[in-house]
Every structure is written in structure tokens, then in C-alpha cells.
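Visitor: Pasting protein-v1.csv below, which is CSV, C-alpha atoms and all ligand atoms.
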chain,number,residue,atom,x,y,z
I,1,MET,CA,53.6,19.3,-32.8
I,2,LYS,CA,56.9,20.3,-34.5
I,3,ILE,CA,57.9,19.7,-38.1
I,4,SER,CA,61.5,19.9,-39.3
I,5,LYS,CA,62.9,19.4,-42.8
I,6,GLU,CA,66.3,17.8,-43.7
I,7,PHE,CA,66.8,17.1,-40.0
I,8,SER,CA,69.9,15.5,-38.5
I,9,LEU,CA,68.9,12.3,-36.7
I,10,LYS,CA,71.9,12.4,-34.3
I,11,LYS,CA,69.8,13.2,-31.3
I,12,PHE,CA,67.2,10.7,-32.3
I,13,ASN,CA,69.3,7.5,-32.3
I,14,THR,CA,71.4,6.1,-29.5
I,15,PHE,CA,74.1,4.9,-32.0
I,16,ASN,CA,74.7,8.7,-32.4
I,17,VAL,CA,75.0,8.5,-36.2
I,18,SER,CA,74.4,11.7,-38.2
I,19,GLU,CA,72.1,10.6,-41.0
I,20,THR,CA,69.2,12.9,-42.0
I,21,ALA,CA,65.5,12.5,-42.7
I,22,LYS,CA,63.4,14.3,-45.3
I,23,PHE,CA,60.9,15.3,-42.7
I,24,ILE,CA,60.4,14.6,-39.0
I,25,TYR,CA,57.2,15.3,-37.0
I,26,GLU,CA,57.5,15.4,-33.2
I,27,VAL,CA,54.0,14.7,-31.9
I,28,ASP,CA,53.0,15.5,-28.3
I,29,GLU,CA,49.2,15.1,-28.6
I,30,ILE,CA,47.6,11.9,-29.9
I,31,SER,CA,44.6,14.0,-31.0
I,32,GLU,CA,46.9,15.5,-33.7
I,33,LEU,CA,48.3,12.2,-34.9
I,34,LYS,CA,45.5,11.1,-37.2
I,35,GLY,CA,45.6,14.4,-39.1
I,36,ILE,CA,49.4,14.2,-39.4
I,37,LEU,CA,49.3,10.6,-40.6
I,38,SER,CA,46.6,11.4,-43.2
I,39,ASP,CA,48.8,14.3,-44.6
I,40,ILE,CA,51.9,12.2,-45.0
I,41,GLU,CA,52.2,10.9,-48.6
I,42,ASP,CA,55.6,9.2,-48.5
I,43,GLN,CA,57.0,6.4,-46.4
I,44,ILE,CA,56.4,6.7,-42.7
I,45,LEU,CA,58.8,5.5,-39.9
I,46,ILE,CA,57.5,5.6,-36.4
I,47,LEU,CA,60.4,6.4,-34.0
I,48,GLY,CA,60.5,6.1,-30.3
I,49,GLY,CA,63.7,6.6,-28.3
I,50,GLY,CA,65.8,5.5,-31.3
I,51,SER,CA,67.5,2.9,-29.1
I,52,ASN,CA,67.1,-0.1,-31.4
I,53,ILE,CA,67.7,1.4,-34.9
I,54,LEU,CA,70.7,1.9,-37.1
I,55,PHE,CA,70.4,4.6,-39.8
I,56,THR,CA,72.8,3.7,-42.6
I,57,LYS,CA,71.6,6.3,-45.1
I,58,ARG,CA,69.4,9.4,-45.5
I,59,PHE,CA,65.8,8.4,-44.7
I,60,GLU,CA,63.8,9.3,-47.8
I,61,GLY,CA,60.5,9.6,-46.0
I,62,THR,CA,58.8,11.1,-42.9
I,63,ILE,CA,59.7,10.2,-39.4
I,64,VAL,CA,57.0,10.4,-36.7
I,65,ASN,CA,58.4,10.7,-33.3
I,66,LEU,CA,55.8,10.2,-30.6
I,67,LYS,CA,56.2,12.3,-27.4
I,68,ASN,CA,52.8,11.8,-25.8
I,69,LYS,CA,53.0,11.5,-22.0
I,70,GLY,CA,50.9,10.1,-19.2
I,71,ILE,CA,50.4,7.2,-16.8
I,72,ASN,CA,46.9,6.3,-15.7
I,73,ILE,CA,45.7,3.6,-13.5
I,74,ILE,CA,42.7,2.0,-15.2
I,75,ARG,CA,41.6,-0.3,-12.4
I,76,GLU,CA,43.0,-1.8,-9.2
I,77,ASP,CA,42.1,-4.2,-6.5
I,78,LYS,CA,43.9,-5.4,-3.4
I,79,ASN,CA,46.7,-7.3,-5.3
I,80,SER,CA,47.1,-5.7,-8.7
I,81,ILE,CA,46.7,-2.7,-10.9
I,82,LEU,CA,46.1,-2.3,-14.6
I,83,VAL,CA,48.0,0.7,-15.8
I,84,GLU,CA,48.0,2.5,-19.1
I,85,VAL,CA,51.2,4.3,-20.2
I,86,CYS,CA,51.6,6.6,-23.1
I,87,ALA,CA,54.0,5.6,-25.9
I,88,GLY,CA,56.2,8.7,-25.6
I,89,GLU,CA,57.1,8.0,-22.0
I,90,ASN,CA,60.7,7.0,-21.4
I,91,TRP,CA,60.7,3.3,-20.4
I,92,ASN,CA,63.0,3.6,-17.5
I,93,ASP,CA,61.2,6.7,-16.0
I,94,PHE,CA,58.1,4.5,-16.0
I,95,VAL,CA,60.0,1.6,-14.3
I,96,ILE,CA,61.2,4.1,-11.6
I,97,TRP,CA,57.6,5.3,-11.1
I,98,ALA,CA,56.4,1.7,-10.7
I,99,VAL,CA,59.2,0.8,-8.2
I,100,GLU,CA,58.6,4.0,-6.2
I,101,ASN,CA,54.9,3.2,-6.0
I,102,ASN,CA,55.6,-0.5,-5.1
I,103,TYR,CA,54.0,-1.8,-8.3
I,104,GLY,CA,55.8,-5.0,-9.3
I,105,GLY,CA,56.6,-6.9,-12.5
I,106,ILE,CA,59.0,-4.7,-14.4
I,107,GLU,CA,61.8,-4.1,-11.9
I,108,ASN,CA,64.0,-6.5,-13.8
I,109,LEU,CA,63.6,-4.3,-16.9
I,110,SER,CA,65.2,-1.3,-15.2
I,111,LEU,CA,67.4,1.0,-17.2
I,112,ILE,CA,66.4,-0.5,-20.6
I,113,PRO,CA,66.8,2.5,-23.0
I,114,GLY,CA,64.0,3.7,-25.3
I,115,ASN,CA,60.3,4.6,-25.1
I,116,VAL,CA,57.3,2.7,-23.9
I,117,GLY,CA,55.7,2.5,-27.3
I,118,ALA,CA,58.6,0.5,-28.7
I,119,ALA,CA,58.6,-2.0,-25.8
I,120,PRO,CA,56.1,-4.4,-27.4
I,121,ILE,CA,57.7,-4.3,-30.8
I,122,GLN,CA,60.6,-6.5,-29.8
I,123,ASN,CA,59.0,-7.7,-26.5
I,124,ILE,CA,61.9,-6.2,-24.5
I,125,GLY,CA,63.4,-8.5,-22.0
I,126,ALA,CA,66.2,-8.8,-19.5
I,127,TYR,CA,67.3,-10.7,-16.4
I,128,GLY,CA,64.6,-13.4,-16.7
I,129,VAL,CA,61.6,-11.1,-17.4
I,130,GLU,CA,60.0,-10.1,-20.7
I,131,LEU,CA,57.4,-7.4,-21.4
I,132,LYS,CA,54.9,-10.1,-22.3
I,133,ASP,CA,54.9,-11.4,-18.7
I,134,VAL,CA,53.0,-8.2,-17.6
I,135,PHE,CA,51.5,-7.1,-20.9
I,136,TYR,CA,47.7,-6.7,-21.0
I,137,SER,CA,47.1,-4.9,-24.4
I,138,CYS,CA,48.3,-2.0,-26.6
I,139,LEU,CA,46.3,0.8,-28.2
I,140,GLY,CA,47.2,2.4,-31.5
I,141,ILE,CA,46.2,3.5,-35.0
I,142,LYS,CA,46.3,1.5,-38.2
I,143,LEU,CA,48.4,3.5,-40.8
I,144,ASN,CA,46.3,2.6,-43.9
I,145,SER,CA,42.8,3.1,-42.5
I,146,LEU,CA,43.6,5.4,-39.6
I,147,GLU,CA,41.3,3.2,-37.5
I,148,GLU,CA,42.0,3.0,-33.8
I,149,PHE,CA,42.6,-0.4,-32.2
I,150,GLU,CA,43.3,-2.2,-29.0
I,151,MET,CA,45.1,-5.5,-29.2
I,152,LYS,CA,45.2,-8.0,-26.4
I,153,LYS,CA,48.3,-9.9,-25.4
I,154,SER,CA,47.3,-13.1,-27.2
I,155,GLU,CA,46.9,-11.2,-30.5
I,156,CYS,CA,50.4,-9.7,-30.3
I,157,LYS,CA,52.2,-13.1,-30.9
I,158,PHE,CA,55.0,-12.4,-28.5
I,159,SER,CA,58.1,-14.6,-28.5
I,160,TYR,CA,61.8,-14.0,-27.8
I,161,ARG,CA,62.6,-10.5,-29.1
I,162,ASN,CA,59.7,-10.7,-31.5
I,163,SER,CA,56.0,-9.9,-32.0
I,164,ILE,CA,53.4,-9.4,-34.6
I,165,PHE,CA,54.7,-5.8,-34.9
I,166,LYS,CA,57.9,-7.1,-36.4
I,167,THR,CA,56.2,-9.5,-38.7
I,168,GLU,CA,52.6,-9.3,-40.1
I,169,LEU,CA,52.0,-5.7,-38.8
I,170,LYS,CA,55.5,-4.4,-39.6
I,171,ASP,CA,55.2,-0.7,-40.7
I,172,LYS,CA,51.4,-1.0,-40.6
I,173,VAL,CA,50.5,0.5,-37.1
I,174,VAL,CA,51.5,3.1,-34.6
I,175,ILE,CA,51.3,2.1,-31.0
I,176,THR,CA,50.1,5.1,-28.9
I,177,SER,CA,49.9,3.5,-25.4
I,178,ILE,CA,50.2,0.1,-23.6
I,179,LYS,CA,48.4,-1.4,-20.7
I,180,LEU,CA,50.2,-3.6,-18.2
I,181,ASN,CA,49.2,-5.7,-15.2
I,182,LEU,CA,51.4,-5.0,-12.2
I,183,THR,CA,51.3,-6.5,-8.7
I,184,LYS,CA,50.6,-4.4,-5.6
I,185,GLU,CA,51.3,-6.7,-2.7
I,186,LYS,CA,52.4,-10.2,-3.3
I,187,HIS,CA,55.2,-9.6,-5.8
I,188,ASN,CA,56.8,-12.5,-7.8
I,189,PHE,CA,60.4,-11.6,-7.3
I,190,ASN,CA,62.4,-13.1,-10.1
I,191,ILE,CA,66.1,-13.6,-9.3
I,192,ALA,CA,66.7,-16.6,-11.5
I,193,TYR,CA,69.4,-14.8,-13.6
I,194,LYS,CA,72.8,-16.0,-12.4
I,195,GLU,CA,74.2,-12.8,-11.1
I,196,LEU,CA,71.0,-11.7,-9.4
I,197,LYS,CA,70.8,-15.0,-7.6
I,198,GLU,CA,74.5,-14.8,-6.6
I,199,ASN,CA,74.2,-11.2,-5.4
I,200,LEU,CA,70.8,-11.2,-3.8
I,201,SER,CA,70.2,-14.7,-2.4
I,202,ASN,CA,71.0,-13.4,1.2
I,203,SER,CA,69.2,-10.1,0.9
I,204,GLU,CA,65.7,-9.2,1.9
I,205,LEU,CA,64.0,-8.8,-1.5
I,206,SER,CA,62.0,-5.7,-2.5
I,207,LEU,CA,61.3,-4.1,-5.9
I,208,LYS,CA,63.9,-1.4,-5.1
I,209,VAL,CA,66.6,-4.0,-4.1
I,210,ILE,CA,66.1,-5.9,-7.4
I,211,SER,CA,65.9,-2.8,-9.5
I,212,ASP,CA,69.1,-1.4,-8.0
I,213,GLU,CA,70.9,-4.6,-8.6
I,214,VAL,CA,69.8,-4.8,-12.2
I,215,ILE,CA,71.0,-1.2,-12.7
I,216,LYS,CA,74.4,-2.2,-11.1
I,217,ILE,CA,74.7,-5.2,-13.5
I,218,ARG,CA,73.7,-3.2,-16.5
I,219,GLN,CA,76.1,-0.4,-15.7
I,220,SER,CA,79.0,-2.9,-15.3
I,221,LYS,CA,78.3,-4.6,-18.6
I,222,LEU,CA,76.7,-2.2,-21.0
I,223,PRO,CA,78.1,1.1,-22.3
I,224,ASP,CA,76.4,4.4,-21.8
I,225,HIS,CA,75.3,5.6,-25.2
I,226,GLU,CA,76.2,9.2,-24.3
I,227,LEU,CA,79.8,8.0,-24.2
I,228,PHE,CA,79.8,5.3,-26.9
I,229,GLY,CA,76.8,5.2,-29.3
I,230,ASN,CA,75.2,1.8,-29.2
I,231,CYS,CA,71.8,0.0,-29.3
I,232,GLY,CA,72.4,-2.7,-26.7
I,233,SER,CA,72.6,-6.2,-28.1
I,234,PHE,CA,73.1,-5.9,-31.9
I,235,PHE,CA,72.1,-9.5,-32.6
I,236,LYS,CA,69.6,-11.9,-31.0
I,237,ASN,CA,71.0,-14.9,-29.2
I,238,PRO,CA,70.7,-17.8,-31.7
I,239,ILE,CA,68.4,-20.7,-31.0
I,240,ILE,CA,69.8,-24.0,-32.3
I,241,SER,CA,68.7,-27.6,-32.3
I,242,LEU,CA,70.1,-30.2,-29.9
I,243,SER,CA,71.8,-32.0,-32.8
I,244,LYS,CA,73.6,-28.9,-34.0
I,245,LEU,CA,74.6,-28.0,-30.4
I,246,LYS,CA,76.1,-31.5,-30.0
I,247,LYS,CA,78.1,-31.0,-33.2
I,248,ILE,CA,79.5,-27.7,-32.1
I,249,LYS,CA,80.3,-28.9,-28.6
I,250,LYS,CA,82.5,-31.6,-30.1
I,251,VAL,CA,84.8,-28.9,-31.3
I,252,TYR,CA,84.1,-26.3,-28.5
I,253,PRO,CA,83.2,-28.2,-25.3
I,254,ASP,CA,83.0,-24.9,-23.3
I,255,LEU,CA,80.1,-23.5,-25.4
I,256,PRO,CA,77.5,-22.3,-22.9
I,257,SER,CA,73.9,-23.3,-23.7
I,258,PHE,CA,70.4,-22.7,-22.1
I,259,ARG,CA,67.4,-25.0,-22.8
I,260,PHE,CA,64.9,-23.0,-24.9
I,261,ASP,CA,62.2,-25.7,-25.5
I,262,SER,CA,62.0,-29.4,-25.8
I,263,ASN,CA,64.5,-29.6,-28.8
I,264,ASN,CA,66.2,-26.3,-28.9
I,265,TYR,CA,68.9,-24.4,-27.1
I,266,LYS,CA,69.7,-20.7,-26.8
I,267,ILE,CA,73.4,-19.9,-27.0
I,268,PRO,CA,75.1,-16.6,-26.2
I,269,ALA,CA,76.0,-14.7,-29.3
I,270,ALA,CA,78.4,-12.8,-27.0
I,271,TRP,CA,80.4,-16.0,-26.5
I,272,LEU,CA,80.6,-16.7,-30.3
I,273,ILE,CA,81.8,-13.2,-30.9
I,274,GLU,CA,84.4,-13.2,-28.2
I,275,LYS,CA,85.6,-16.6,-29.3
I,276,SER,CA,86.0,-15.2,-32.8
I,277,GLY,CA,88.5,-12.6,-31.5
I,278,TYR,CA,86.4,-9.5,-31.8
I,279,LYS,CA,87.3,-8.1,-28.4
I,280,GLU,CA,90.9,-7.7,-29.7
I,281,ARG,CA,89.7,-6.1,-33.0
I,282,VAL,CA,89.4,-2.4,-32.3
I,283,ASN,CA,88.9,-0.3,-35.4
I,284,LYS,CA,89.2,3.5,-35.1
I,285,ASN,CA,85.5,4.2,-35.3
I,286,VAL,CA,83.7,1.0,-34.4
I,287,SER,CA,84.3,-2.1,-32.3
I,288,VAL,CA,82.5,-4.4,-29.9
I,289,TYR,CA,82.2,-3.3,-26.2
I,290,LYS,CA,85.0,-4.7,-24.0
I,291,ASN,CA,82.6,-6.0,-21.3
I,292,GLN,CA,79.8,-7.3,-23.6
I,293,PRO,CA,80.9,-8.2,-27.2
I,294,LEU,CA,77.2,-8.5,-28.3
I,295,VAL,CA,77.1,-4.7,-28.1
I,296,ILE,CA,78.6,-2.9,-31.1
I,297,ILE,CA,79.8,0.6,-30.2
I,298,ASN,CA,80.3,3.8,-32.2
I,299,ARG,CA,83.7,5.0,-30.9
I,300,GLY,CA,83.1,8.6,-31.9
I,301,SER,CA,82.3,9.4,-35.5
I,302,ALA,CA,81.3,6.2,-37.2
I,303,THR,CA,78.8,6.3,-40.0
I,304,GLY,CA,75.8,4.0,-40.0
I,305,ARG,CA,77.4,2.3,-43.0
I,306,GLU,CA,80.6,1.6,-41.1
I,307,ILE,CA,78.7,0.1,-38.2
I,308,LEU,CA,76.7,-2.1,-40.6
I,309,ASP,CA,79.8,-3.3,-42.4
I,310,PHE,CA,81.4,-4.2,-39.1
I,311,ALA,CA,78.2,-6.1,-38.0
I,312,ASN,CA,78.1,-7.9,-41.4
I,313,ASP,CA,81.8,-8.9,-40.8
I,314,ILE,CA,80.8,-10.4,-37.5
I,315,LYS,CA,77.9,-12.3,-39.1
I,316,ASN,CA,80.1,-13.8,-41.8
I,317,THR,CA,82.8,-14.8,-39.4
I,318,ILE,CA,80.3,-16.5,-37.0
I,319,TYR,CA,78.7,-18.3,-40.0
I,320,ASN,CA,82.1,-19.5,-41.2
I,321,ASN,CA,83.3,-20.5,-37.7
I,322,PHE,CA,80.2,-22.1,-36.3
I,323,ASN,CA,77.7,-22.5,-39.2
I,324,ILE,CA,75.3,-20.2,-37.2
I,325,GLN,CA,73.5,-17.4,-38.9
I,326,LEU,CA,73.1,-14.5,-36.5
I,327,GLU,CA,70.0,-12.4,-36.8
I,328,GLU,CA,70.0,-8.6,-36.1
I,329,GLU,CA,68.0,-7.4,-33.1
I,330,VAL,CA,68.5,-3.8,-34.3
I,331,LEU,CA,66.3,-2.4,-37.1
I,332,ILE,CA,68.5,-1.4,-40.0
I,333,ILE,CA,67.3,1.5,-42.2
S,1,LIG,N1,79.6,-13.8,-22.6
S,1,LIG,C1,80.8,-14.0,-23.1
S,1,LIG,N2,81.7,-12.9,-23.1
S,1,LIG,C2,81.4,-11.7,-22.6
S,1,LIG,C3,80.1,-11.5,-22.1
S,1,LIG,C4,79.2,-12.5,-22.1
S,1,LIG,O1,81.2,-15.1,-23.6
S,1,LIG,O2,82.3,-10.8,-22.6
S,1,LIG,C5,78.6,-14.9,-22.6
S,1,LIG,C6,78.7,-15.6,-21.3
S,1,LIG,O3,78.6,-17.0,-21.6
S,1,LIG,C7,77.4,-15.1,-20.6
S,1,LIG,C8,76.5,-15.0,-21.8
S,1,LIG,O4,77.3,-14.5,-22.8
S,1,LIG,O5,77.0,-16.0,-19.7
S,1,LIG,C9,75.3,-14.2,-21.6
S,1,LIG,O6,75.7,-12.8,-21.3
S,1,LIG,P1,74.7,-11.8,-20.6
S,1,LIG,O7,74.0,-12.4,-19.4
S,1,LIG,O8,75.4,-10.5,-20.5
S,1,LIG,O9,73.5,-11.6,-21.6
S,1,LIG,P2,73.2,-11.8,-23.2
S,1,LIG,O10,72.6,-13.1,-23.5
S,1,LIG,O11,74.5,-11.4,-24.0
S,1,LIG,C10,70.8,-10.9,-23.1
S,1,LIG,C11,70.0,-9.8,-23.8
S,1,LIG,C12,70.3,-8.5,-23.1
S,1,LIG,C13,69.9,-8.6,-21.6
S,1,LIG,C14,70.7,-9.7,-21.0
S,1,LIG,C15,70.3,-10.0,-19.6
S,1,LIG,C16,69.6,-10.6,-26.0
S,1,LIG,C17,69.9,-10.4,-27.5
S,1,LIG,N3,70.2,-9.8,-25.2
S,1,LIG,O12,72.1,-10.6,-23.4
S,1,LIG,O13,69.4,-7.5,-23.7
S,1,LIG,O14,70.2,-7.4,-21.0
S,1,LIG,O15,70.5,-11.0,-21.7
S,1,LIG,O16,69.1,-10.6,-19.5
S,1,LIG,O17,68.8,-11.4,-25.7
S,1,LIG,C18,69.3,-6.0,-25.5
S,1,LIG,O18,68.4,-6.6,-25.9
S,1,LIG,O19,69.7,-4.9,-26.1
S,1,LIG,C19,70.0,-6.4,-24.3
S,1,LIG,C20,71.0,-5.7,-23.7
Spell out the structure here as C-alpha cells.
Guide:
Amino acid sequence: MKISKEFSLKKFNTFNVSETAKFIYEVDEISELKGILSDIEDQILILGGGSNILFTKRFEGTIVNLKNKGINIIREDKNSILVEVCAGENWNDFVIWAVENNYGGIENLSLIPGNVGAAPIQNIGAYGVELKDVFYSCLGIKLNSLEEFEMKKSECKFSYRNSIFKTELKDKVVITSIKLNLTKEKHNFNIAYKELKENLSNSELSLKVISDEVIKIRQSKLPDHELFGNCGSFFKNPIISLSKLKKIKKVYPDLPSFRFDSNNYKIPAAWLIEKSGYKERVNKNVSVYKNQPLVIINRGSATGREILDFANDIKNTIYNNFNIQLEEEVLII
């Protein structure tokens, strides 16, 4: 365990902003966690890899950064394994481990930044797969009672970029590990995403082939946060009703749309943002990324406040242009 006071959070957030926190605890051993939590009197923020958070001011509380490590196979049979992964593991390192050991189910989630413990919070997803597709349960501690718990998938209320941890249990629990069901032999390769299908339909599929292709696509579209601070998609893709879609399509017939459920369609926020001219609008410190305008980038020394103002400007413009209210994917502090 390491405690620091008045600490710069620059290395703890992939937007690379330099806000500070009153205290930060870096915790390697879960056995120490209960004692730490019971000592903290002010507001607690549990932080993983900092890849989905925007600090816009000094955090007037205590940050707990989990760094516990470990991957354990709980049980296995001929076709599948149940694996428990500690919250402090880097998500992509875990995906690499799975692919190298020929355990399938998360290869489409290659190269997603952040830590394992944060993955269930927003039900991370990419290229046709979401965490919930392989999720079995998560283990953690309740912040008010310090009681340990294990929550099964059905209790986590997963949906698109959402879970009980962003709603009823927001700021009420710390997730210390997750358990996932992965395949061992008969893998369900998912190449439904357009570019995977185009690039791989003539290839012999394997976990490695899919993972490599996903990495290639991500590297071509998404910026490296070491070069340009960012948190991936800043907003969720909006889900709108068929009647609203028809209304907008009368004015913008080229608006792409994907069926979400019987009456609703998901539309790309990237398209709305590009159509509103943001690719051309490059401020000194902050802009959208040229290859993927849903990603807002810190061009060097932006403050969290500047990034937030820019994001709010996008939100207002999209509302005025399309009567659509964008919702942040990123947590704003
Ligand atoms: N588009 C444009 N202009 C662009 C780029 C994209 O108009 O410059 C439009 C196109 O119509 C394109 C559509 O946006 O078909 C979708 O783009 P893309 O496939 O890149 O994905 P996305 O919907 O913008 C989502 C996730 C990403 C995930 C990809 C791939 C959300 C909020 N984002 O983005 O997740 O990697 O799909 O599955 O759902 C993240 O959550 O941080 C993230 C990067």
C-alpha cells in the first residue's frame, strides 16, 4: 500500500489532465482494503486505469487505486473454463493471456484500455461483443458495511454501456475481481462487425487472427493516449425511436442506423459530430480525433474544464441540429 497527499492525477487518467486529489491510496493487497476503507472519512472514488474518467477540478476526497493482481482458473471442463481475474490487472494484458492460452470469448475486446475491475461498470464492448457475453460474476466489498459480496450476471443489470454499478450501486461498492466463462475448444468467432467481416471472411479464423485484426482496426481509428490524451468514445451512441429516426432521415437521408430492439435504432454519434463540422474545428488544446470524431483529444495541455466545455459545446450543437441529447460515456468529476 502507498499513500500520497495532494497528488497529481496526470499519470492516473488517460486524458492526461493534471488535476490533484486530496489523498490517493494505491492498494496491492485486497487483505488491506477493508482496513483502508474503514479509515477513510471523506468521499471515496475507486479508480482503475483512469481510462473512462475526466477530472475537471481538484478531487476533494480520497482516491483508492486498486492494483491487486492475479488470474486463477476456478474450474474447467473439456469445452470451457471459469476464470477469476483480479481488478487491478490491465484488461488488455488479460486478453493477451486468454488468446495465448486459446481461451475464447474476449478476443474482440483486445486493446481496450483500463483495468479489469472497471470492465463491468460500463459493460465494456467493441466489435460485436460485450463483457456481459462472457460474464459469470464479480466479487467486491460494499463501502458502507464493508461486507464482501459476489454478484451473478443477472443481478448486474447489464445493458449497452451500463450496469447496476452506474445506477443503483454507483459509488456504493468496490469490485475486487471478476469471473468470466471462456471457451476452450469450440470457439464462437464473432466477425459480424463490418470491417472484421470484410477483412477476415477469407481467412482461417483463430482467436489470434481476430485479436490481431481488432488491434489493427483500433490502431487505425483510435488515438494512442500517450500521444493525445483521450478516453475513447466520449459519448454513447444514442438510441432513438423509429418515428424520430424517420423524421431525421427526411432531412438527412444518409444517416446510418442499426436496429437496437423492436422499436428503437442506435445511430452513430460519430456521424452526428462529423456532420456538425467538428472535424474541421481544431482548437489549440482540444479537438475531436481526425479518424473518429466520437473521441475527444487533449492536444497537449488542456485542462479538464476545457475538455468538458468542448464536450458540452458538441452536446448543445447536436441537440440544436438533430434534437438528440447525447449522453456521456465518460465519468465527469
Ligand atoms: N463515423 C463517421 N465518421 C467517422 C467515423 C465514424 O460518420 O469519422 C460513423 C460511421 O457511420 C461508422 C459509425 O460512425 O459506421 C460507427 O463507427 P465505429 O464503428 O468506429 O464505432 P462507434 O459506434 O463510433 C463504438 C464504440 C467503441 C467501439 C466501436 C467498435 C460506443 C460509444 N463506442 O464506436 O467503443 O470500439 O463501436 O465496436 O459504443 C469506447 O467505448 O470507448 C469505444 C471506443
Visitor: How would you report the residues lying within 8 Å of ligand LIG 1 (chain S), as a PyMOL selection string, if you count all atoms listed in the file?
Guide: chain I and resi 52+112+124-129+160-161+193-194+218+221-222+231-237+255-256+267-275+290-295+329
Visitor: So what do you get for atom CA of Ala118 of chain I versus atom CA of Gly48 of chain I, distance-wise?
Guide: 6.1 Å
Visitor: Residues of segment 196-239 of chain I within 7 Å of segment 7-15 of chain I: nearest atom pair and distance (Å, one decimal) for each, counting only C-alpha atoms, sorted by chain and number, as a Markdown table?
Guide:
| residue | atom | partner | partner_atom | distance |
| --- | --- | --- | --- | --- |
| I:His225 | CA | I:Thr14 | CA | 5.8 |
| I:Gly229 | CA | I:Phe15 | CA | 3.8 |
| I:Asn230 | CA | I:Phe15 | CA | 4.3 |
| I:Cys231 | CA | I:Phe15 | CA | 6.0 |
Visitor: Pick out the closest residue to Pro238 of chain I from this set: I:Glu32, I:Glu130, I:Glu328, I:Asp42. Count only C-alpha atoms.
Guide: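 That would be I:Glu328, the residue with the smallest distance to Pro238 of chain I.
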Visitor: If you count only C-alpha atoms, which residues fall within 9 Å of Lys186 of chain I, apart from same-chain ones fewer than 2 positions away, as a ChimeraX atom specification?
Guide: /I:79-80,104,183-184,188
Visitor: Restricting the calculation to all atoms listed in the file: of I:Trp97, I:Val288, I:Thr303, I:Ile175, which residue gets closest to Thr56 of chain I?
Guide: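 Closest residue, counting all atoms listed in the file: I:Thr303.
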Visitor: Provide the atom CA of Lys250 of chain I to atom CA of Gly277 of chain I distance in Å, to one decimal place.
Guide: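 Rounded to one decimal, the two atoms are 20.0 Å apart.
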Visitor: From the set I:Thr176, I:Ser18, I:Asn108, I:Asn162, which residue has the shortest atom-to-atom contact distance to Gly140 of chain I, counting only C-alpha atoms?
Guide: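 So, comparing all the options, the nearest one is I:Thr176.
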